[in-house]
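**Q** File follows, protein35.tsv with TSV, C-alpha atoms and all ligand atoms:
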```tsv
chain	number	residue	atom	x	y	z
A	880	MET	CA	102.53	108.11	82.60
A	881	LYS	CA	104.74	109.63	79.94
A	882	ARG	CA	101.87	110.35	77.60
A	883	MET	CA	100.44	112.82	80.11
A	884	LEU	CA	103.29	115.22	79.72
A	885	PRO	CA	102.32	117.07	76.51
A	886	ALA	CA	98.80	117.58	77.86
A	887	LEU	CA	100.24	118.86	81.14
A	888	ALA	CA	102.37	121.40	79.29
A	889	VAL	CA	99.23	122.70	77.52
A	890	LEU	CA	97.38	122.90	80.83
A	891	LEU	CA	100.17	124.86	82.49
A	892	ALA	CA	100.44	127.27	79.55
A	893	LEU	CA	96.71	128.00	79.86
A	894	ALA	CA	96.81	128.62	83.61
A	895	PRO	CA	96.13	132.30	84.40
A	896	ALA	CA	98.17	134.00	87.11
A	897	LYS	CA	96.45	134.22	90.50
A	898	ALA	CA	96.49	137.14	92.89
A	899	GLN	CA	99.10	136.11	95.42
A	900	SER	CA	101.10	137.76	98.12
A	901	GLN	CA	104.01	135.81	99.52
A	902	ALA	CA	104.38	138.30	102.37
A	903	ASP	CA	101.26	137.28	104.32
A	904	ASP	CA	100.70	133.91	102.63
A	905	TYR	CA	97.33	135.20	101.54
A	906	ASP	CA	95.84	134.01	98.28
A	907	GLU	CA	92.50	134.88	96.77
A	908	LEU	CA	90.64	133.57	93.76
A	909	ARG	CA	87.41	135.12	92.48
A	910	LEU	CA	85.24	133.05	90.20
A	911	GLY	CA	81.66	134.09	89.44
A	912	GLN	CA	79.70	133.90	92.69
A	913	TYR	CA	82.67	132.40	94.55
A	914	VAL	CA	85.57	133.95	96.43
A	915	ILE	CA	88.14	131.42	97.63
A	916	THR	CA	90.88	132.46	100.02
A	917	THR	CA	93.77	130.71	101.69
A	918	GLN	CA	95.72	132.19	104.56
A	919	ARG	CA	98.34	131.07	107.01
A	920	SER	CA	98.58	132.00	110.65
A	921	TYR	CA	101.78	131.92	112.68
A	922	THR	CA	100.14	132.93	115.94
A	923	LYS	CA	101.02	130.58	118.77
A	924	GLY	CA	98.09	128.35	119.61
A	925	ASP	CA	96.38	129.30	116.36
A	926	ALA	CA	99.04	128.41	113.81
A	927	GLY	CA	98.19	126.67	110.54
A	928	GLY	CA	96.47	127.26	107.27
A	929	ILE	CA	92.84	128.12	106.70
A	930	LEU	CA	90.77	127.72	103.57
A	931	ARG	CA	87.61	129.81	103.22
A	932	VAL	CA	85.01	129.72	100.49
A	933	HIS	CA	82.39	132.46	100.16
A	934	GLN	CA	79.42	132.06	97.83
A	935	ASP	CA	77.46	135.26	97.09
A	936	GLY	CA	79.10	136.84	100.13
A	937	LEU	CA	78.18	134.01	102.51
A	938	LEU	CA	80.80	131.77	104.09
A	939	VAL	CA	79.97	128.24	102.87
A	940	HIS	CA	83.17	126.46	103.85
A	941	SER	CA	85.97	127.03	106.31
A	942	GLN	CA	88.63	124.42	106.96
A	943	ARG	CA	91.84	124.40	108.93
A	944	THR	CA	94.86	122.31	108.10
A	945	THR	CA	95.20	119.27	110.32
A	946	GLY	CA	98.39	120.57	111.96
A	947	PRO	CA	100.04	123.87	112.92
A	948	PHE	CA	102.67	123.54	110.18
A	949	GLY	CA	100.13	123.05	107.43
A	950	ALA	CA	99.21	125.32	104.56
A	951	TRP	CA	96.54	125.51	101.86
A	952	ILE	CA	97.31	126.12	98.23
A	953	ILE	CA	94.79	126.64	95.46
A	954	HIS	CA	96.23	123.92	93.31
A	955	GLN	CA	95.23	125.14	89.88
A	956	PRO	CA	92.56	127.28	88.24
A	957	PRO	CA	89.22	125.52	88.74
A	958	THR	CA	88.50	122.99	86.01
A	959	ASP	CA	85.85	120.31	85.72
A	960	VAL	CA	87.65	117.43	87.41
A	961	THR	CA	84.58	115.22	87.81
A	962	GLY	CA	83.19	115.59	84.30
A	963	ASP	CA	79.69	116.75	85.28
A	964	GLY	CA	80.00	120.10	83.49
A	965	VAL	CA	80.51	122.05	86.75
A	966	LEU	CA	83.86	123.58	87.71
A	967	ASP	CA	85.69	122.08	90.69
A	968	LEU	CA	88.12	123.66	93.10
A	969	VAL	CA	91.21	121.60	93.90
A	970	ALA	CA	92.66	122.80	97.20
A	971	LEU	CA	95.98	121.31	98.21
A	972	GLU	CA	96.52	120.80	101.93
A	973	ARG	CA	100.19	120.51	102.77
A	974	THR	CA	100.26	118.95	106.18
A	975	GLY	CA	103.85	119.99	106.91
A	976	GLY	CA	106.65	117.92	108.38
A	977	ALA	CA	109.51	116.05	106.75
A	978	ASN	CA	108.68	114.31	103.46
A	979	CYS	CA	105.01	114.40	104.11
A	980	CYS	CA	102.11	114.87	103.10
A	981	ARG	CA	99.85	116.34	100.47
A	982	VAL	CA	96.10	115.91	100.32
A	983	TYR	CA	94.11	117.28	97.38
A	984	HIS	CA	90.57	118.25	98.39
A	985	VAL	CA	88.12	118.58	95.53
A	986	PHE	CA	84.99	120.75	95.83
A	987	SER	CA	82.23	121.31	93.28
A	988	LEU	CA	81.64	125.02	92.57
A	989	GLY	CA	78.07	124.63	91.32
A	990	GLU	CA	74.90	126.25	92.62
A	991	HIS	CA	75.35	124.03	95.64
A	992	PHE	CA	78.88	124.07	96.98
A	993	GLU	CA	79.93	120.60	98.07
A	994	LYS	CA	82.93	118.41	98.75
A	995	VAL	CA	83.44	115.87	96.03
A	996	GLY	CA	86.29	113.82	97.46
A	997	GLU	CA	89.96	113.85	98.19
A	998	ILE	CA	93.18	112.36	96.91
A	999	ASP	CA	95.82	111.67	99.54
A	1000	THR	CA	99.21	111.39	97.87
A	1001	GLY	CA	100.97	110.80	101.21
A	1002	HIS	CA	104.70	110.32	100.87
A	1003	GLY	CA	104.36	110.22	97.09
A	1004	GLY	CA	103.44	113.90	97.08
A	1005	TRP	CA	106.94	115.12	96.28
A	1006	GLU	CA	105.95	114.54	92.69
A	1007	GLU	CA	103.01	116.80	91.80
A	1008	PRO	CA	99.93	114.95	90.58
A	1009	VAL	CA	98.95	115.60	86.99
A	1010	PHE	CA	95.32	116.48	86.18
A	1011	VAL	CA	94.57	116.02	82.47
A	1012	ASN	CA	91.97	114.51	80.20
A	1013	LEU	CA	93.61	111.49	78.62
A	1014	ASP	CA	90.62	110.02	76.83
A	1015	THR	CA	87.14	110.66	75.52
A	1016	ASP	CA	85.21	110.65	78.81
A	1017	PRO	CA	84.71	114.12	80.31
A	1018	GLN	CA	86.29	113.54	83.74
A	1019	LEU	CA	89.97	114.28	84.18
A	1020	GLU	CA	92.48	111.52	84.77
A	1021	ILE	CA	94.81	112.21	87.69
A	1022	GLY	CA	98.27	110.67	87.75
A	1023	PHE	CA	100.37	110.38	90.90
A	1024	ARG	CA	102.20	107.82	93.04
A	1025	ASP	CA	100.66	105.41	95.53
A	1026	ASP	CA	102.73	105.46	98.74
A	1027	THR	CA	101.29	102.26	100.25
A	1028	PHE	CA	104.77	100.70	100.42
A	1029	ALA	CA	106.53	103.77	101.90
A	1030	TYR	CA	108.85	102.58	104.70
A	1031	TRP	CA	107.78	98.96	104.22
A	1032	GLN	CA	110.86	96.86	105.19
A	1033	VAL	CA	113.21	99.61	103.86
A	1034	SER	CA	113.83	103.36	104.18
A	1035	LEU	CA	111.62	105.89	102.41
A	1036	ALA	CA	114.29	106.51	99.76
A	1037	GLY	CA	114.34	102.82	98.86
A	1038	SER	CA	110.55	102.42	98.85
A	1039	PRO	CA	108.86	101.75	95.52
A	1040	MET	CA	105.89	104.00	94.78
A	1041	PRO	CA	103.99	102.72	91.75
A	1042	GLY	CA	102.23	105.22	89.52
A	1043	VAL	CA	98.44	105.29	89.49
A	1044	VAL	CA	95.83	107.01	87.34
A	1045	VAL	CA	92.50	107.73	89.01
A	1046	GLU	CA	89.29	109.31	87.81
A	1047	PHE	CA	86.03	110.32	89.49
A	1048	ARG	CA	83.56	107.50	88.95
A	1049	ASN	CA	80.41	106.46	90.81
A	1050	GLY	CA	80.92	109.08	93.49
A	1051	ALA	CA	84.60	108.45	94.29
A	1052	PHE	CA	88.10	108.72	92.91
A	1053	ARG	CA	88.90	105.26	91.58
A	1054	LEU	CA	91.57	103.66	89.44
A	1055	ASP	CA	91.14	104.18	85.73
A	1056	ALA	CA	91.65	100.60	84.55
A	1057	GLN	CA	91.92	101.62	80.91
A	1058	ALA	CA	94.87	103.91	81.64
A	1059	MET	CA	96.48	101.54	84.16
A	1060	ARG	CA	96.40	98.32	82.13
A	1061	GLN	CA	99.63	97.98	80.17
A	1062	PRO	CA	101.66	95.20	78.62
A	1063	PRO	CA	103.98	93.71	81.28
A	1064	THR	CA	107.44	95.22	81.60
A	1065	ILE	CA	110.28	94.91	84.10
A	1066	ARG	CA	113.16	97.24	84.89
A	1067	LEU	CA	116.63	96.12	83.82
A	1068	ASP	CA	119.72	98.35	83.76
A	1069	ASP	CA	117.61	101.48	84.35
A	1070	SER	CA	115.22	100.93	81.49
A	1071	GLU	CA	111.81	99.32	81.08
A	1072	VAL	CA	112.00	96.17	78.99
A	1073	PRO	CA	109.30	93.67	77.95
A	1074	PHE	CA	108.52	90.84	80.36
A	1075	ASP	CA	109.85	87.99	78.24
A	1076	GLU	CA	111.80	84.86	79.15
A	1077	THR	CA	115.23	86.41	78.48
A	1078	ASN	CA	114.61	89.57	80.49
A	1079	LEU	CA	112.86	87.67	83.28
A	1080	ALA	CA	115.83	85.30	83.56
A	1081	SER	CA	118.24	88.27	83.79
A	1082	LEU	CA	116.18	90.03	86.45
A	1083	ALA	CA	115.63	86.82	88.42
A	1084	GLN	CA	119.37	86.19	88.41
A	1085	GLU	CA	120.09	89.76	89.52
A	1086	ILE	CA	117.55	89.60	92.36
A	1087	SER	CA	118.47	86.14	93.59
A	1088	ARG	CA	122.15	87.16	93.87
A	1089	ASP	CA	121.38	90.32	95.84
A	1090	GLY	CA	123.25	90.64	99.14
A	1091	GLU	CA	120.03	91.58	100.96
A	1092	TRP	CA	119.14	87.89	101.19
A	1093	GLN	CA	122.10	87.43	103.52
A	1094	GLY	CA	121.58	90.74	105.30
A	1095	ARG	CA	124.63	92.20	103.56
A	1096	GLY	CA	122.94	94.80	101.36
A	1097	PRO	CA	123.14	98.57	101.91
A	1098	SER	CA	119.59	98.77	103.27
A	1099	SER	CA	119.51	95.47	105.16
A	1100	ILE	CA	117.87	95.49	108.54
A	1101	SER	CA	117.83	91.71	108.55
A	1102	PRO	CA	118.19	89.08	105.86
A	1103	GLY	CA	115.31	89.26	103.43
A	1104	PRO	CA	114.33	89.89	99.86
A	1105	PRO	CA	115.69	93.07	98.23
A	1106	ALA	CA	113.27	95.93	97.52
A	1107	GLU	CA	113.99	95.38	93.85
A	1108	LEU	CA	111.85	92.25	94.08
A	1109	TRP	CA	108.66	93.86	95.36
A	1110	SER	CA	109.31	96.98	93.27
A	1111	ALA	CA	109.17	94.80	90.14
A	1112	MET	CA	106.15	92.89	91.50
A	1113	LEU	CA	104.30	96.14	92.15
A	1114	GLY	CA	105.10	97.37	88.65
A	1115	LEU	CA	103.46	94.23	87.28
A	1116	ILE	CA	100.47	94.36	89.64
A	1117	TYR	CA	99.74	98.04	88.96
A	1118	SER	CA	99.67	97.33	85.22
A	1119	GLY	CA	97.22	94.44	85.64
A	1120	ASN	CA	99.79	91.64	85.42
A	1121	ALA	CA	99.65	90.13	88.92
A	1122	ARG	CA	99.99	86.58	87.62
A	1123	LEU	CA	103.47	87.45	86.35
A	1124	ALA	CA	104.36	89.12	89.67
A	1125	TRP	CA	103.83	85.75	91.38
A	1126	GLU	CA	105.91	84.09	88.68
A	1127	LEU	CA	108.73	86.55	89.38
A	1128	LEU	CA	108.48	85.79	93.11
A	1129	ASP	CA	108.67	82.03	92.46
A	1130	ARG	CA	111.65	82.48	90.16
A	1131	THR	CA	113.67	84.60	92.59
A	1132	TRP	CA	112.94	83.29	96.09
A	1133	PRO	CA	115.87	80.97	96.98
A	1134	ASP	CA	114.71	77.42	97.76
A	1135	GLU	CA	116.51	77.22	101.06
A	1136	PHE	CA	115.78	80.76	102.21
A	1137	VAL	CA	113.86	81.48	105.36
A	1138	ALA	CA	113.90	85.20	106.15
A	1139	ARG	CA	114.26	86.44	109.69
A	1140	GLU	CA	112.24	89.39	110.83
A	1141	GLY	CA	114.13	90.90	113.75
A	1142	GLN	CA	115.34	88.07	115.97
A	1143	GLU	CA	111.93	86.75	116.75
A	1144	ARG	CA	110.58	84.80	113.87
A	1145	THR	CA	111.24	83.52	110.43
A	1146	PHE	CA	109.12	83.56	107.37
A	1147	THR	CA	108.91	81.43	104.29
A	1148	LYS	CA	108.05	82.57	100.79
A	1149	GLY	CA	104.38	81.89	101.46
A	1150	GLU	CA	104.42	83.91	104.66
A	1151	TRP	CA	106.28	86.77	103.00
A	1152	ARG	CA	103.73	86.72	100.20
A	1153	ALA	CA	100.95	87.06	102.79
A	1154	LEU	CA	102.75	90.02	104.43
A	1155	PHE	CA	103.17	91.65	101.02
A	1156	LEU	CA	99.48	91.18	100.18
A	1157	ASN	CA	98.47	92.50	103.56
A	1158	GLN	CA	100.48	95.66	102.93
A	1159	LEU	CA	99.04	96.00	99.43
A	1160	SER	CA	95.53	95.75	100.88
A	1161	GLN	CA	96.22	99.01	102.76
A	1162	SER	CA	96.18	100.87	99.43
A	1163	PRO	CA	93.13	103.13	99.00
A	1164	TYR	CA	92.82	101.47	95.58
A	1165	TRP	CA	92.99	97.85	96.77
A	1166	GLU	CA	89.55	96.88	95.49
A	1167	ASP	CA	90.27	98.49	92.13
A	1168	LEU	CA	93.64	96.69	91.97
A	1169	ARG	CA	91.88	93.40	92.54
A	1170	GLU	CA	89.50	94.18	89.70
A	1171	LEU	CA	92.37	95.26	87.46
A	1172	ASN	CA	94.07	91.92	88.08
A	1173	ARG	CA	91.00	89.77	87.46
A	1174	GLY	CA	91.22	87.43	90.40
A	1175	ASN	CA	95.00	87.05	90.43
A	1176	LEU	CA	95.51	89.13	93.58
A	1177	GLN	CA	94.97	86.72	96.44
B	1	CA	CA	82.73	118.95	88.23
B	2	CA	CA	88.79	111.52	80.84
```
Write out the structure in this file as structure tokens.
**A**
Amino acid sequence: MKRMLPALAVLLALAPAKAQSQADDYDELRLGQYVITTQRSYTKGDAGGILRVHQDGLLVHSQRTTGPFGAWIIHQPPTDVTGDGVLDLVALERTGGANCCRVYHVFSLGEHFEKVGEIDTGHGGWEEPVFVNLDTDPQLEIGFRDDTFAYWQVSLAGSPMPGVVVEFRNGAFRLDAQAMRQPPTIRLDDSEVPFDETNLASLAQEISRDGEWQGRGPSSISPGPPAELWSAMLGLIYSGNARLAWELLDRTWPDEFVAREGQERTFTKGEWRALFLNQLSQSPYWEDLRELNRGNLQ
């Protein structure tokens, strides 16, 4: 993700100022035959944001935010996100509410106005996605965080949100395997270190001694593995190293441990693994993750 930053700085420096009035939350962007406006209403019963797109004076698209606290923001000056040579509008829908959520709607501003797709950054939206061209293909790569594990077994603050890079391919936003695949690393003492025997042994020791296993950790709801375990596993899976994620699980899960979920049931390592995989399969990029990991995600 780090290598996106210089390109992002260039992109921001090139961004022209938009006509904007904070007073009435009205924003307008004129581009060739298109006029794009966003506006917010505070009227009771009619509150929310509205996005309107006019093409040659005709209204071709009008869309309200999903809730009354929502707002639309023209995310950036139109660029060709999809790589087909036609500019695209990226309209950010902020749904409103605590911590949540941001959906980026992408529309093609060609002769025929049309919706291209959307990127839902969910709870990961506190960190703005980055739209840049990282490689030689014309479509932009978009970097953000996948929030599939938000609130899973721990609070939002403790939830790992692995970084993803997507691109528009075959009619949809899909993981860019070339950008995602990386040599395996793990996090030790606040820095990324290579996944080698020494570092793995240190991390495994750290995780297996964690008080969460006995329900004595700061975020314990009940005895169970610490979030550090599945955070490290996700880091490995999202870089195409699922086989090593399973190795880490085997190295850290205490032999005698049977976790209790609430007071009702217990689960073994195998059952926990199934729960973890089930949660991972909720990711919008599940199929791409399976491809990235070449049969090791099952
Ligand atoms: Ca395009
Ligand atoms: Ca590209």
**Q** Using only C-alpha atoms and all ligand atoms, what are the residues with an atom within 10 Å of ligand CA 2 (chain B), set out as number ranges by chain?
**A** A: 960-962, 1010-1021, 1045-1047, 1055, 1058
**Q** Could you work out how far atom CA of A:Lys994 lies from atom CA of A:Ser1160, giving the answer in Å with one decimal?
**A**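 Atom CA of A:Ser1160 sits 26.0 Å away from atom CA of A:Lys994.
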**Q** For a cutoff of 9 Å around the file-coordinate point (87.9, 124.0, 92.9), which residues qualify once you count all atoms listed in the file? I'd like the result as a list in words.
**A**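 Taken together, the residues in range are Ile915, Ile953, His954, Gln955, Pro956, Pro957, Thr958, Asp959, Val960, Leu966, Asp967, Leu968, Val969, Ala970, His984, Val985, Phe986, Ser987 and Leu988 of chain A.
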**Q** Do a neighbour search on A:Cys980 at 8 Å with only C-alpha atoms, toss out local chain neighbours closer than 4 positions, and write the hits as a ChimeraX atom specification.
**A** /A:973-976,999-1004
**Q** Write to file, as a PDB file, in the coordinates of the input, the residues of the selection just made, with C-alpha atoms.
**A**
```pdb
ATOM      1  CA  ARG A 973     100.190 120.510 102.770  1.00  0.00           C
ATOM      2  CA  THR A 974     100.260 118.950 106.180  1.00  0.00           C
ATOM      3  CA  GLY A 975     103.850 119.990 106.910  1.00  0.00           C
ATOM      4  CA  GLY A 976     106.650 117.920 108.380  1.00  0.00           C
ATOM      5  CA  ASP A 999      95.820 111.670  99.540  1.00  0.00           C
ATOM      6  CA  THR A1000      99.210 111.390  97.870  1.00  0.00           C
ATOM      7  CA  GLY A1001     100.970 110.800 101.210  1.00  0.00           C
ATOM      8  CA  HIS A1002     104.700 110.320 100.870  1.00  0.00           C
ATOM      9  CA  GLY A1003     104.360 110.220  97.090  1.00  0.00           C
ATOM     10  CA  GLY A1004     103.440 113.900  97.080  1.00  0.00           C
TER      11      GLY A1004
END
```
**Q** Which neighbours of A:Leu938 fall inside 12 Å, counting all atoms listed in the file, when residues of the same chain fewer than 6 positions from it are skipped, and could you give them as a PDB file with C-alpha atoms, in the coordinates of the input?
**A**
```pdb
ATOM      1  CA  GLN A 912      79.700 133.900  92.690  1.00  0.00           C
ATOM      2  CA  TYR A 913      82.670 132.400  94.550  1.00  0.00           C
ATOM      3  CA  VAL A 914      85.570 133.950  96.430  1.00  0.00           C
ATOM      4  CA  ILE A 915      88.140 131.420  97.630  1.00  0.00           C
ATOM      5  CA  THR A 916      90.880 132.460 100.020  1.00  0.00           C
ATOM      6  CA  LEU A 930      90.770 127.720 103.570  1.00  0.00           C
ATOM      7  CA  ARG A 931      87.610 129.810 103.220  1.00  0.00           C
ATOM      8  CA  VAL A 932      85.010 129.720 100.490  1.00  0.00           C
ATOM      9  CA  PHE A 992      78.880 124.070  96.980  1.00  0.00           C
TER      10      PHE A 992
END
```
**Q** Skip A:Trp1132 itself and residues of its chain fewer than 3 positions away, then list as a list in words all residues within 8 Å of it, counting only C-alpha atoms.
**A**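 The residues that qualify are Ser1087, Pro1104, Leu1128, Asp1129, Phe1136 and Lys1148 of chain A.
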**Q** For ligand CA 1 (chain B), which residue among A:Glu990, A:Leu1054, A:Gln942, A:Ala950 is the nearest when counting all atoms listed in the file?
**A**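 Looking only at the distances to ligand CA 1 (chain B), the closest residue turns out to be A:Glu990.
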**Q** With all atoms listed in the file as the basis for distance, which of A:Ile1116, A:Gln1057, A:Ala1106, A:Asp906 is at the shortest distance from A:Tyr1030?
**A**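 The answer is A:Ala1106, which sits nearest to A:Tyr1030.
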**Q** Residues at most 9 Å from stretch 1151-1154 of chain A, counting all atoms listed in the file, excluding those fewer than 4 positions away in the same chain, as a list in words?
**A** Trp1125, Leu1128, Ala1138, Phe1146, Thr1147, Gln1158, Leu1159 and Gln1177 of chain A
**Q** Counting all atoms listed in the file, figure out which residue out of A:Ala1029, A:Arg1048, A:Tyr921, A:Val1043 gets nearest to ligand CA 1 (chain B).
**A**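 Closest candidate: A:Arg1048.
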**Q** Mind pulling up the distance from atom CA of A:Arg1024 to atom CA of A:Gly989?
**A**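 Pair atom CA of A:Gly989 / atom CA of A:Arg1024 returns 29.5 Å.
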**Q** What gap, in Å, lies between atom CA of A:Pro1008 and atom CA of A:Trp951?
**A**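 Interatomic distance, atom CA of A:Pro1008 to atom CA of A:Trp951: 15.8 Å.
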**Q** Taking into account all atoms listed in the file, which residue in the set A:Asp1068, A:Asp963, A:Asp1089, A:Glu1126 is nearest to ligand CA 1 (chain B)?
**A** A:Asp963
**Q** Go through A:Gly911, A:Gly1119, A:Glu993, A:Gln934 one by one, measure the shortest atom-to-atom distance of each to ligand CA 1 (chain B) using all atoms listed in the file, and give the residue with the smallest value.
**A**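 Of all the options, A:Glu993 lies closest to ligand CA 1 (chain B).
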**Q** Of the residues A:Gly924, A:Gly946, A:Gly964, A:Gly1174, which is the one nearest to ligand CA 1 (chain B), using all atoms listed in the file?
**A**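 Counting all atoms listed in the file, the residue closest to ligand CA 1 (chain B) is A:Gly964.
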**Q** Would you pick out the contacts of A:Ile929 at 6 Å or less, using all atoms listed in the file, so that residues sharing its chain but fewer than 2 positions from it are not included, and give the list as a ChimeraX atom specification?
**A** /A:917-918,942-943
**Q** At a cut-off of 10 Å around the point (106.4, 100.9, 100.5) (file coordinates), what residues fall inside when counting all atoms listed in the file? I'd like the answer as number ranges by chain.
**A** A: 1002, 1025-1041, 1106, 1109-1110, 1113, 1155, 1158-1159
